[in-house]
Amino acid sequence: MRAAAGGAELRTGTGNGEHVGVHELVKRYGDVAAVDGVTFGVRTGEFLALLGPSGSGKTTVLMNIAGFDFPDFGRIEIGGQDVTWTPSHKRNLGMVFQRYTLFPHMTVLDNIAFPLRMRKIGRAEREERARVALRTVRLEGYGERKPAQLSGGQQQRVAMARAVVYNPEVLLMDEPLSALDKNLREEMQIEIKHLQRELGVTVIFVTHDQTEALTMADRIAVLDLGKLQQLDTPKALYEQPTSAFVAGFIGETNFWPAVASGDAVAGSELGVTLEGGERATVTAADAIRGGQKVKVAIRPENIRLSKDGAGVQASVEEAIYAGSITTLLLRSKGPTLRVRVGPDGALGEPAPGTPFTLGWQTRHARAYAA
Amino acid sequence: MRRRSELTAGRLAANAFAYGVAIFLLVPTALIVPMSFGPDRYLKFPPSGFTLEWYSAYFSDRDWLDATFFSLRIAVLTSIVATVVGALVSLALVRGRLPGKPVFELLVVGPVIVPNIAIAIATYLVFDGLKLTGTTLGFVAAHTALAMPFVVFTILASLHRYDADLERAALSCGASPLQAFTWVTLPQILPGIVSAALFAFIISFDEPVISFFISDLDHRSLPRKMFEDIDYNVSPTLAAVATVLTGLTVLALVAGHFAGRGRQASPGARRPTSGN
Amino acid sequence: MKARPSRFMLGGRTYSPAASLLLATPFLLVLMLAFLLPLGMLLRESLFVPSFTVEHYRRVFDEPVYLRVMYRTIRISALVTLISLLLGYPLAAMMARTRGLMLNLLLVAVLLPLWTSVLVRTYAWLVLLQRNGVVNDLLTGLGIVDAPMQLLRTEGAVVLAMSHVLLPFVVLPLYATLRAIPDDYARAARMLGANGFAVFRHVTLPLSMPGITSGCVMVFLLALGFFVTPALIGGPQQMMLATLVQQQVTELLNWPFAGAIIGVLLLAVLGLMIVFHRVIRLDRFVGQA
Ligand SMILES: Nc1ncnc2c1ncn2[C@@H]1O[C@H](COP(=O)(O)OP(=O)(O)OP(=O)(O)O)[C@@H](O)[C@H]1O
Ligand SMILES: [Mg+2]
């Protein structure tokens with residue numbers, strides 16, 4: 001049986017190390033395309049987050065990978081095999097749902113042993129492996145309880161144990177932590193990450209929480225309106241977003257409308273005239289022609305404030321103190337900007353009306369075609 | 001306070017009236033029970049004594065017993081058949097991609113909307129031709145169709161109450177659809193199934209209109225026999241039969257109530273959530 | 001409360017179209033044999049015997065005897081509906097305000113009659129209303145009348161017994177509707193200066209309209225085709241449609257004409273359902289125990 005073969009040889013994937021492949025996936029519901037031509041690959045042992053606003057198609061992609069839903073167009077591959085039309089129970093996947101979905105009439109141990117039972121594994125081995133899995137999620141001693149007698153976090157850990165007990169090739173999770181409160185969620189993020197490293201399993205993790213995606217994932221696929229916007233490491237995504245949408249969706253960003261002074265290819269320097277009339281040098285994120293309208297994106301922590309010199313001018317409107325950092329709202333000749341300053345900065349806590357000169361490194365200001 | 005007293009006076013009158021209506025609902029049937037133990041030929045309330053005469057008349061009369069056992073057999077079979085048939089179609093409706101679903105939904109409600117007299121006459125016409133009158137098969141088929149809306153609604157309700165993700169979880173664990181049903185869905189909806197079976201039993205056992213038409217001389221259901229006897233003379237034996245019938249119904253309802261209160265989905269599985 | 005059930009209902013399903021059809025096949029067979037085929041055959045009788053004709057339908061409306069039965073059926077049904085509503089509304093309203101043990105007792109009072117045999121309840125009325133029955137005993141005992149009255153085989157008795165039998169069908173949907181109205185509406189109206197009756201007239205009553213409609217349509221529908229109670233409590237002078245059909249079939253073997261009467265009844269029922277299908281929640285009438 002496939003299940004008994006365990007992980008190692010199954011996780012070889014295709015030649016290029018791609019374990020799960022989604023190819024030109026299209027799924028329509030009536031007139032709306034919930035997923036509109038999405039292609040990406042997940043590497044063996046990788047932790048991939050599917051991130052996007054509500055309704056962007058994350059769950060739909062996951063359901064097609066899981067075999068709970070079937071595409072109108074496109075292909076799903078697992079380990080190099082086309083599984084687009086394979087029923088879900090034959091895909092050897094593990095899945096953790098948002099609402100735990102433990103079988104309420106079975107004990108915790110029976111829940112974990114259930115997938116082994118479905119694979120006709122003998123009683124003794126079943127028990128043994130279920131107990132091991134229970135220990136992995138640090139819940140030994142809870143095996144005889146019913147799910148209702150556990151807390152939310154414990155239930156979700158049992159659900160994880162159940163999803164990995166049969167060494168599935170791929171673990172799918174659809175917002176598994178969103179039903180938990182903030183502290184527990186952060187604790188579980190670390191725990192899931194550890195478990196994944198320990199087992200070396202390939203994980204596809206759906207979330208709409210960017211912090212969660214940034215802290216947990218090896219790579220993040222950002223979806224919007226059913227289309228893949230960018231697939232990159234958290235660092236690349238944060239520092240070099242390829243579209244204004246990603247720049248705005250991941251982290252906080254100031255957008256400053258501007259007009260390009262000359263032509264530029266993507267990645268090169270570009271002179272612009274900012275809204276308000278001041279001139280500045282930025283980096284072109286797209287290919288841009290002279291005279292074209294652009295949006296310049298600058299993150300709040302990348303704006304430097306100084307008292308002297310010529311440059312872009314702004315004055316403090318409000319200072320918002322938040323413990324380790326202070327956010328300043330600055331009135332410029334263009335939009336109101338958010339700037340982040342440390343607690344013991346030379347600036348102290350500037351009074352409203354204080355004027356500043358703004359500065360930034362060219363690579364931190366990215367211009368997108370508007 | 002003026003407003004307060006005006007409120008309570010109005011409420012009081014309304015409540016008194018409402019309690020009166022509740023009692024009105026219960027009284028006629030409730031009076032039959034003590035009267036069935038009275039010795040009077042013309043049923044009296046309060047009864048002038050105590051006797052089991054009418055019960056012994058009931059239980060020693062071949063015709064009554066035949067009709068009772070015939071009805072019991074029909075009801076048990078209907079209960080089984082209707083529950084299985086109804087559970088299958090409910091699954092198809094909720095968990096399947098059923099082609100022509102609206103047609104099936106219409107068919108499900110059909111037997112509650114179409115007046116029983118219409119179904120009865122029509123069934124009589126066809127069953128007479130098919131030689132199905134007075135047969136177990138005929139009765140069970142007719143009563144199953146009649147019970148279908150009640151059975152399907154009850155099972156649908158318990159299917160909707162339970163989290164569809166549980167079934168997907170089972171599938172993701174490697175269970176086939178059939179295994180997912182037997183291991184996960186069935187235990188979860190069992191209370192609903194049991195209630196549905198009891199409803200079907202009561203519907204069949206009590207059913208007077210179709211039975212009236214598709215009974216024959218040798219095979220009469222209990223309601224048909226009662227109908228004949230009531231029309232003929234209001235003998236006190238009928239009171240005993242009515243009491244037994246009502247007792248059985250109450251028993252089935254109580255059983256259904258406790259079955260319905262059985263296993264609930266875990267609170268975690270039903271907790272409402274904001275996002276998906 | 002369920003979290004976005006429609007998302008899951010519509011999304012991936014456990015059973016494929018073929019498997020679903022297979023699951024629905026026994027249902028289809030039973031309904032074919034004991035519902036669709038019979039009704040189809042009966043309507044065929046009414047229209048195609050001996051060959052295509054609307055003669056049988058014309059007869060239903062041409063002969064005064066039958067017109068009178070139809071008129072009486074509609075009158076009695078309307079009366080029963082009205083009485084059920086007038087009796088049922090206060091009960092449903094009180095149940096909506098009640099909690100705990102008392103509510104359970106009241107629910108039993110409504111559900112028990114719903115599930116006990118129509119025959120038993122009709123028989124009970126026969127016993128109570130007969131010449132030397134409990135009601136007459138009471139009336140003579142209290143000196144309201146001198147001699148026992150003829151109560152059975154009167155239209156009043158038919159209406160009374162039918163109202164009693166059908167009352168739960170108006171109470172249940174009304175109770176469900178009233179129960180679902182948040183108390184805050186009435187509180188808000190009171191804050192704005194409405195007295196008890198004004199709250200009822202301008203807030204509760206309009207909000208409970210769907211329940212009223214649903215219950216009344218259901219009772220009227222059931223009353224139109226009611227067989228057992230009018231047949232046993234009423235006499236020839238109180239004959240309703242169902243008994244007429246029964247006579248045509250069992251005594252005269254006039255199938256085409258019986259089919260035509262049923263056809264008219266079905267049309268009426270269908271019309272009511274089409275007009276009111278939005279408010280009628282059939283699931284409220286079943287599976288409530
Ligand atoms: N079964 C369905 N029927 C109709 N429309 C659907 C269905 N499933 C999804 N959609 C639509 O497809 C789009 C994508 O839905 P999907 O659930 O994949 O989004 P999501 O990214 O998971 O959102 P969320 O963060 O809210 O869970 C939405 O517009 C949704 O309304
Ligand atoms: Mg989702």
# chains A, B, ... in the order shown; residues from 1 in each chain; ligands from 1

$ select_by_dssp --residues "region 131-274 of chain A" --states "alpha helix (DSSP H)" --output "VMD selection string"
chain A and resid 131 to 136 152 to 164 182 to 199 210 to 216 234 to 239 244 to 249

$ interface_residues --of "chain A" --to "chain C" --cutoff "10 Å" --atoms "only C-alpha atoms" --output "number ranges by chain"
A: 29, 60, 63-64, 66-70, 87-88, 99

$ residues_around --residues "Ala264 (chain A)" --least-positions-apart "3" --cutoff "7 Å" --atoms "only C-alpha atoms" --output "ChimeraX atom specification"
/A:268-270,284,287-289

$ write_last_selection --atoms "N, CA and C atoms" --output "tab-separated table (two decimals), in the first residue's frame"
chain	number	residue	atom	x	y	z
A	268	SER	N	15.98	49.82	-12.48
A	268	SER	CA	16.95	50.91	-12.61
A	268	SER	C	16.44	52.17	-11.90
A	269	GLU	N	17.33	53.15	-11.77
A	269	GLU	CA	16.96	54.39	-11.10
A	269	GLU	C	16.06	55.23	-11.97
A	270	LEU	N	15.23	56.03	-11.30
A	270	LEU	CA	14.24	56.82	-12.03
A	270	LEU	C	14.05	58.14	-11.31
A	284	ALA	N	12.65	52.07	-10.33
A	284	ALA	CA	11.49	51.63	-11.11
A	284	ALA	C	11.23	50.16	-10.84
A	287	ALA	N	8.82	48.53	-16.01
A	287	ALA	CA	9.36	49.36	-17.09
A	287	ALA	C	8.49	50.60	-17.20
A	288	ILE	N	9.14	51.78	-17.23
A	288	ILE	CA	8.38	53.03	-17.17
A	288	ILE	C	8.87	54.00	-18.22
A	289	ARG	N	7.92	54.70	-18.85
A	289	ARG	CA	8.28	55.68	-19.87
A	289	ARG	C	8.19	57.09	-19.28

$ atom_distance --atom1 "CA of Ala163 (chain A)" --atom2 "CA of Ile76 (chain A)"
20.6 Å

$ residues_near_ligand --ligand "ligand 2" --cutoff "8 Å" --atoms "only C-alpha atoms and all ligand atoms" --output "VMD selection string"
(chain A and resid 54 to 55 57 to 60 174 to 175 206 to 207) or (chain B and resid 275 to 276)

$ select_by_dssp --residues "region 28-184 of chain A" --states "strand (DSSP E)" --output "PyMOL selection string"
chain A and resi 28-29+32-43+47-51+73-78+81-82+93-96+170-174

$ write_last_selection --atoms "N, CA, C and O atoms" --output "short mmCIF file (atom, residue, chain, number, x, y, z; two decimals), in the first residue's frame"
data_model
loop_
_atom_site.label_atom_id
_atom_site.label_comp_id
_atom_site.auth_asym_id
_atom_site.auth_seq_id
_atom_site.Cartn_x
_atom_site.Cartn_y
_atom_site.Cartn_z
N ARG A 28 -14.46 28.24 -12.08
CA ARG A 28 -15.51 29.26 -12.15
C ARG A 28 -16.71 28.84 -11.31
O ARG A 28 -17.05 27.67 -11.26
N TYR A 29 -17.32 29.80 -10.66
CA TYR A 29 -18.62 29.58 -10.04
C TYR A 29 -19.58 30.54 -10.71
O TYR A 29 -19.52 31.74 -10.46
N VAL A 32 -18.35 34.26 -11.96
CA VAL A 32 -17.07 34.65 -11.37
C VAL A 32 -16.05 33.54 -11.47
O VAL A 32 -16.36 32.37 -11.26
N ALA A 33 -14.82 33.92 -11.83
CA ALA A 33 -13.73 32.97 -11.80
C ALA A 33 -13.11 33.06 -10.41
O ALA A 33 -12.43 34.03 -10.09
N ALA A 34 -13.36 32.06 -9.57
CA ALA A 34 -12.80 32.07 -8.22
C ALA A 34 -11.29 31.92 -8.31
O ALA A 34 -10.54 32.51 -7.54
N VAL A 35 -10.84 31.10 -9.25
CA VAL A 35 -9.41 30.96 -9.53
C VAL A 35 -9.25 31.11 -11.03
O VAL A 35 -9.97 30.49 -11.80
N ASP A 36 -8.31 31.97 -11.44
CA ASP A 36 -8.28 32.38 -12.84
C ASP A 36 -6.86 32.19 -13.41
O ASP A 36 -6.10 33.13 -13.56
N GLY A 37 -6.52 30.95 -13.68
CA GLY A 37 -5.24 30.68 -14.32
C GLY A 37 -4.05 30.78 -13.38
O GLY A 37 -3.12 31.54 -13.61
N VAL A 38 -4.07 29.99 -12.32
CA VAL A 38 -2.98 30.04 -11.34
C VAL A 38 -2.02 28.89 -11.60
O VAL A 38 -2.42 27.74 -11.76
N THR A 39 -0.73 29.21 -11.64
CA THR A 39 0.31 28.19 -11.80
C THR A 39 1.38 28.41 -10.74
O THR A 39 1.86 29.53 -10.57
N PHE A 40 1.69 27.38 -10.01
CA PHE A 40 2.85 27.46 -9.10
C PHE A 40 3.27 26.05 -8.71
O PHE A 40 2.53 25.08 -8.90
N GLY A 41 4.48 25.94 -8.20
CA GLY A 41 4.97 24.65 -7.76
C GLY A 41 5.41 24.75 -6.31
O GLY A 41 5.83 25.81 -5.84
N VAL A 42 5.27 23.63 -5.58
CA VAL A 42 5.72 23.59 -4.20
C VAL A 42 6.83 22.57 -4.12
O VAL A 42 6.68 21.45 -4.62
N ARG A 43 7.96 22.96 -3.52
CA ARG A 43 9.10 22.03 -3.49
C ARG A 43 8.94 21.03 -2.36
O ARG A 43 8.25 21.29 -1.37
N PHE A 47 7.51 24.77 3.05
CA PHE A 47 6.33 25.32 3.72
C PHE A 47 5.86 26.50 2.89
O PHE A 47 6.50 27.55 2.87
N LEU A 48 4.77 26.30 2.16
CA LEU A 48 4.28 27.35 1.28
C LEU A 48 2.99 27.93 1.85
O LEU A 48 2.07 27.19 2.19
N ALA A 49 2.94 29.25 1.95
CA ALA A 49 1.71 29.89 2.42
C ALA A 49 0.95 30.45 1.22
O ALA A 49 1.55 31.02 0.31
N LEU A 50 -0.36 30.23 1.21
CA LEU A 50 -1.23 30.89 0.24
C LEU A 50 -1.86 32.06 0.95
O LEU A 50 -2.65 31.88 1.87
N LEU A 51 -1.50 33.26 0.52
CA LEU A 51 -1.93 34.45 1.23
C LEU A 51 -2.74 35.33 0.29
O LEU A 51 -2.42 35.45 -0.89
N PHE A 73 -10.48 23.93 -15.64
CA PHE A 73 -9.38 23.88 -16.57
C PHE A 73 -8.11 23.77 -15.75
O PHE A 73 -8.05 24.25 -14.63
N GLY A 74 -7.07 23.14 -16.30
CA GLY A 74 -5.81 23.07 -15.59
C GLY A 74 -5.57 21.70 -15.01
O GLY A 74 -6.36 20.77 -15.19
N ARG A 75 -4.48 21.60 -14.26
CA ARG A 75 -3.98 20.30 -13.85
C ARG A 75 -3.39 20.41 -12.45
O ARG A 75 -2.82 21.43 -12.08
N ILE A 76 -3.54 19.35 -11.68
CA ILE A 76 -2.89 19.26 -10.37
C ILE A 76 -1.95 18.07 -10.41
O ILE A 76 -2.37 16.98 -10.83
N GLU A 77 -0.71 18.27 -10.00
CA GLU A 77 0.22 17.15 -9.95
C GLU A 77 0.74 16.99 -8.53
O GLU A 77 1.02 17.97 -7.85
N ILE A 78 0.86 15.75 -8.11
CA ILE A 78 1.51 15.47 -6.83
C ILE A 78 2.56 14.40 -7.09
O ILE A 78 2.26 13.35 -7.66
N GLN A 81 2.78 13.00 -10.58
CA GLN A 81 1.63 12.31 -11.18
C GLN A 81 0.45 13.25 -11.29
O GLN A 81 0.18 14.03 -10.37
N ASP A 82 -0.27 13.14 -12.38
CA ASP A 82 -1.46 13.95 -12.57
C ASP A 82 -2.58 13.39 -11.69
O ASP A 82 -3.02 12.27 -11.87
N LEU A 93 -3.11 12.62 1.15
CA LEU A 93 -2.80 13.94 1.68
C LEU A 93 -3.24 13.99 3.13
O LEU A 93 -4.11 13.24 3.55
N GLY A 94 -2.64 14.91 3.88
CA GLY A 94 -3.16 15.19 5.22
C GLY A 94 -3.83 16.55 5.16
O GLY A 94 -3.43 17.41 4.40
N MET A 95 -4.89 16.71 5.96
CA MET A 95 -5.55 18.00 5.91
C MET A 95 -5.96 18.43 7.31
O MET A 95 -6.51 17.65 8.07
N VAL A 96 -5.70 19.68 7.61
CA VAL A 96 -6.15 20.25 8.88
C VAL A 96 -7.13 21.37 8.54
O VAL A 96 -6.82 22.24 7.73
N VAL A 170 1.83 15.26 1.65
CA VAL A 170 1.59 16.70 1.67
C VAL A 170 0.58 17.00 2.76
O VAL A 170 -0.39 16.27 2.93
N LEU A 171 0.80 18.07 3.48
CA LEU A 171 -0.13 18.48 4.51
C LEU A 171 -0.80 19.79 4.07
O LEU A 171 -0.11 20.76 3.77
N LEU A 172 -2.13 19.78 4.00
CA LEU A 172 -2.86 20.98 3.60
C LEU A 172 -3.52 21.58 4.83
O LEU A 172 -4.09 20.86 5.65
N MET A 173 -3.44 22.88 4.96
CA MET A 173 -4.10 23.52 6.10
C MET A 173 -4.84 24.76 5.62
O MET A 173 -4.25 25.63 4.97
N ASP A 174 -6.12 24.84 5.95
CA ASP A 174 -6.91 26.01 5.56
C ASP A 174 -7.19 26.85 6.80
O ASP A 174 -8.09 26.55 7.57
#

$ atom_distance --atom1 "CA of Met118 (chain A)" --atom2 "CA of Ala170 (chain B)"
9.2 Å

$ closest_residue --among "C:Ile74, C:Ala109, C:Val199, C:Leu253" --to "chain B" --atoms "only C-alpha atoms"
C:Ala109

$ interface_residues --of "chain A" --to "chain B" --cutoff "6 Å" --atoms "only C-alpha atoms" --output "list in words"
His89, Arg99, Thr101, Pro104, Pro115, Met118 and Ala148 of chain A

$ residues_around --residues "Ile233 (chain C)" --least-positions-apart "5" --cutoff "9 Å" --atoms "only C-alpha atoms" --output "list in words"
Thr122, Tyr123, Trp125, Leu126, Leu152, Arg153, Thr154, Glu155, Ala157, Val158, Ala161, Val228 and Gln238 of chain C

$ write_last_selection --atoms "all heavy atoms" --output "compact mmCIF listing (two decimals), in the first residue's frame"
# COMPACT_ATOMS: atom_id res chain seq x y z
N THR C 122 -61.30 12.41 16.31
CA THR C 122 -62.65 12.53 15.79
C THR C 122 -63.62 11.68 16.63
O THR C 122 -64.73 12.12 16.96
CB THR C 122 -62.69 12.05 14.33
OG1 THR C 122 -61.76 12.83 13.59
CG2 THR C 122 -64.08 12.22 13.75
N TYR C 123 -63.17 10.49 16.97
CA TYR C 123 -63.98 9.62 17.80
C TYR C 123 -64.27 10.29 19.14
O TYR C 123 -65.40 10.24 19.65
CB TYR C 123 -63.24 8.30 18.01
CG TYR C 123 -63.83 7.43 19.09
CD1 TYR C 123 -65.05 6.79 18.90
CD2 TYR C 123 -63.17 7.24 20.30
CE1 TYR C 123 -65.60 5.99 19.88
CE2 TYR C 123 -63.71 6.45 21.28
CZ TYR C 123 -64.92 5.83 21.08
OH TYR C 123 -65.47 5.06 22.05
N TRP C 125 -64.58 13.41 19.74
CA TRP C 125 -65.64 14.40 19.54
C TRP C 125 -67.00 13.74 19.38
O TRP C 125 -68.02 14.26 19.88
CB TRP C 125 -65.34 15.30 18.34
CG TRP C 125 -64.36 16.38 18.69
CD1 TRP C 125 -63.08 16.49 18.27
CD2 TRP C 125 -64.59 17.47 19.59
NE1 TRP C 125 -62.48 17.59 18.83
CE2 TRP C 125 -63.39 18.22 19.65
CE3 TRP C 125 -65.68 17.90 20.35
CZ2 TRP C 125 -63.24 19.36 20.42
CZ3 TRP C 125 -65.54 19.04 21.13
CH2 TRP C 125 -64.33 19.76 21.16
N LEU C 126 -67.02 12.61 18.71
CA LEU C 126 -68.28 11.88 18.57
C LEU C 126 -68.85 11.53 19.94
O LEU C 126 -70.03 11.71 20.21
CB LEU C 126 -68.05 10.57 17.80
CG LEU C 126 -68.15 10.63 16.30
CD1 LEU C 126 -67.74 9.29 15.70
CD2 LEU C 126 -69.58 10.96 15.90
N LEU C 152 -74.38 16.31 16.84
CA LEU C 152 -73.72 15.66 15.72
C LEU C 152 -74.51 15.94 14.45
O LEU C 152 -75.68 16.27 14.49
CB LEU C 152 -73.63 14.15 15.95
CG LEU C 152 -72.68 13.77 17.09
CD1 LEU C 152 -72.73 12.28 17.33
CD2 LEU C 152 -71.27 14.21 16.77
N ARG C 153 -73.84 15.75 13.33
CA ARG C 153 -74.46 15.99 12.02
C ARG C 153 -74.95 17.42 11.88
O ARG C 153 -75.98 17.67 11.27
CB ARG C 153 -75.64 15.03 11.80
CG ARG C 153 -75.16 13.61 11.64
CD ARG C 153 -76.26 12.60 11.62
NE ARG C 153 -75.78 11.34 12.17
CZ ARG C 153 -74.86 10.59 11.57
NH1 ARG C 153 -74.37 10.95 10.41
NH2 ARG C 153 -74.45 9.48 12.13
N THR C 154 -74.24 18.33 12.53
CA THR C 154 -74.50 19.75 12.27
C THR C 154 -73.20 20.36 11.75
O THR C 154 -72.11 19.86 12.01
CB THR C 154 -74.89 20.51 13.55
OG1 THR C 154 -73.78 20.49 14.45
CG2 THR C 154 -76.10 19.91 14.22
N GLU C 155 -73.34 21.46 11.04
CA GLU C 155 -72.15 22.09 10.50
C GLU C 155 -71.27 22.62 11.64
O GLU C 155 -70.05 22.60 11.56
CB GLU C 155 -72.54 23.23 9.55
CG GLU C 155 -71.37 23.69 8.71
CD GLU C 155 -71.80 24.56 7.55
OE1 GLU C 155 -72.70 24.13 6.80
OE2 GLU C 155 -71.25 25.66 7.40
N ALA C 157 -70.74 21.28 14.52
CA ALA C 157 -69.92 20.20 15.06
C ALA C 157 -68.75 19.90 14.14
O ALA C 157 -67.62 19.69 14.59
CB ALA C 157 -70.77 18.94 15.25
N VAL C 158 -69.01 19.90 12.83
CA VAL C 158 -67.94 19.64 11.87
C VAL C 158 -66.86 20.70 12.00
O VAL C 158 -65.66 20.40 12.08
CB VAL C 158 -68.50 19.60 10.43
CG1 VAL C 158 -67.36 19.51 9.43
CG2 VAL C 158 -69.45 18.42 10.26
N ALA C 161 -64.89 20.27 15.38
CA ALA C 161 -63.96 19.15 15.41
C ALA C 161 -62.79 19.39 14.45
O ALA C 161 -61.63 19.10 14.78
CB ALA C 161 -64.68 17.85 15.05
N VAL C 228 -61.73 12.31 7.02
CA VAL C 228 -62.19 11.54 8.18
C VAL C 228 -63.21 12.30 9.02
O VAL C 228 -64.32 11.80 9.26
CB VAL C 228 -60.98 11.14 9.05
CG1 VAL C 228 -61.46 10.50 10.34
CG2 VAL C 228 -60.08 10.20 8.28
N GLN C 238 -73.91 17.80 5.51
CA GLN C 238 -72.64 18.49 5.70
C GLN C 238 -71.56 17.91 4.78
O GLN C 238 -70.37 18.11 5.00
CB GLN C 238 -72.16 18.36 7.15
CG GLN C 238 -72.94 19.18 8.14
CD GLN C 238 -74.26 18.50 8.50
OE1 GLN C 238 -74.31 17.29 8.67
NE2 GLN C 238 -75.32 19.27 8.60

$ residues_around --residues "Leu125 (chain B)" --least-positions-apart "4" --cutoff "12 Å" --atoms "only C-alpha atoms" --output "ChimeraX atom specification"
/B:118-121,129-133,210,213-214 /C:33-35,37-45,246,249-250,253-256,258-259

$ residues_around --residues "Leu267 (chain C)" --least-positions-apart "5" --cutoff "12 Å" --atoms "only C-alpha atoms" --output "list of chain:residue names"
B:Ile113, B:Val114, B:Pro115, B:Ala118, C:Leu43, C:Tyr57, C:Leu221, C:Leu224, C:Ala260, C:Ile261, C:Ile262, C:Leu272, C:Met273, C:Ile274

$ write_last_selection --atoms "N, CA and C atoms" --output "short mmCIF file (atom, residue, chain, number, x, y, z; two decimals), in the first residue's frame"
data_model
loop_
_atom_site.label_atom_id
_atom_site.label_comp_id
_atom_site.auth_asym_id
_atom_site.auth_seq_id
_atom_site.Cartn_x
_atom_site.Cartn_y
_atom_site.Cartn_z
N ILE B 113 -48.24 18.15 0.33
CA ILE B 113 -49.03 19.21 -0.29
C ILE B 113 -50.29 18.64 -0.94
N VAL B 114 -50.15 17.54 -1.62
CA VAL B 114 -51.32 16.93 -2.26
C VAL B 114 -52.22 16.34 -1.17
N PRO B 115 -53.51 16.71 -1.19
CA PRO B 115 -54.41 16.21 -0.16
C PRO B 115 -54.43 14.68 -0.11
N ALA B 118 -56.76 12.77 -2.34
CA ALA B 118 -56.35 12.62 -3.74
C ALA B 118 -55.39 11.45 -3.89
N LEU C 43 -55.80 11.38 -13.16
CA LEU C 43 -56.07 12.55 -13.99
C LEU C 43 -56.34 12.12 -15.43
N TYR C 57 -65.19 17.61 -16.05
CA TYR C 57 -64.90 18.84 -15.32
C TYR C 57 -66.08 19.79 -15.41
N LEU C 221 -55.66 24.51 3.25
CA LEU C 221 -55.30 23.43 2.32
C LEU C 221 -55.74 22.08 2.83
N LEU C 224 -59.60 21.70 2.93
CA LEU C 224 -60.25 21.47 1.63
C LEU C 224 -60.35 19.99 1.32
N ALA C 260 -62.09 14.07 -11.89
CA ALA C 260 -62.29 15.49 -12.20
C ALA C 260 -62.37 16.32 -10.91
N ILE C 261 -63.09 15.80 -9.90
CA ILE C 261 -63.17 16.54 -8.64
C ILE C 261 -61.78 16.68 -8.02
N ILE C 262 -61.04 15.57 -8.04
CA ILE C 262 -59.67 15.62 -7.52
C ILE C 262 -58.83 16.61 -8.33
N LEU C 272 -52.73 27.73 -4.61
CA LEU C 272 -52.37 28.28 -3.29
C LEU C 272 -50.87 28.15 -3.05
N MET C 273 -50.31 27.01 -3.40
CA MET C 273 -48.88 26.80 -3.17
C MET C 273 -48.06 27.77 -4.00
N ILE C 274 -48.47 27.98 -5.25
CA ILE C 274 -47.69 28.88 -6.11
C ILE C 274 -47.73 30.30 -5.56
#

$ residues_around --residues "region 82-96 of chain C" --least-positions-apart "5" --cutoff "9 Å" --atoms "only C-alpha atoms" --output "ChimeraX atom specification"
/B:14-15,17-22 /C:77,102-103,106-107,159-160,163-164,166-180,212,215-216,219

$ interface_residues --of "chain B" --to "chain C" --cutoff "6 Å" --atoms "only C-alpha atoms" --output "VMD selection string"
chain B and resid 18 22 28 to 29 85 88 to 89 92 95 to 98 115 118 122 to 123 126 142 145 150 154 206 242 246 272 to 273

$ atom_distance --atom1 "CA of Thr273 (chain A)" --atom2 "CA of Gln229 (chain A)"
27.8 Å

$ closest_residue --among "A:Ala221, A:Ile320, A:Ala124, A:Val164" --to "ligand 1" --atoms "only C-alpha atoms and all ligand atoms"
A:Ala221

$ closest_residue --among "C:Val203, C:Leu151, C:Leu67, C:Val217" --to "Thr81 (chain C)" --atoms "only C-alpha atoms"
C:Val217

$ closest_residue --among "C:Pro148, C:Ala189, C:Val264, C:Phe257" --to "Pro50 (chain C)" --atoms "only C-alpha atoms"
C:Phe257
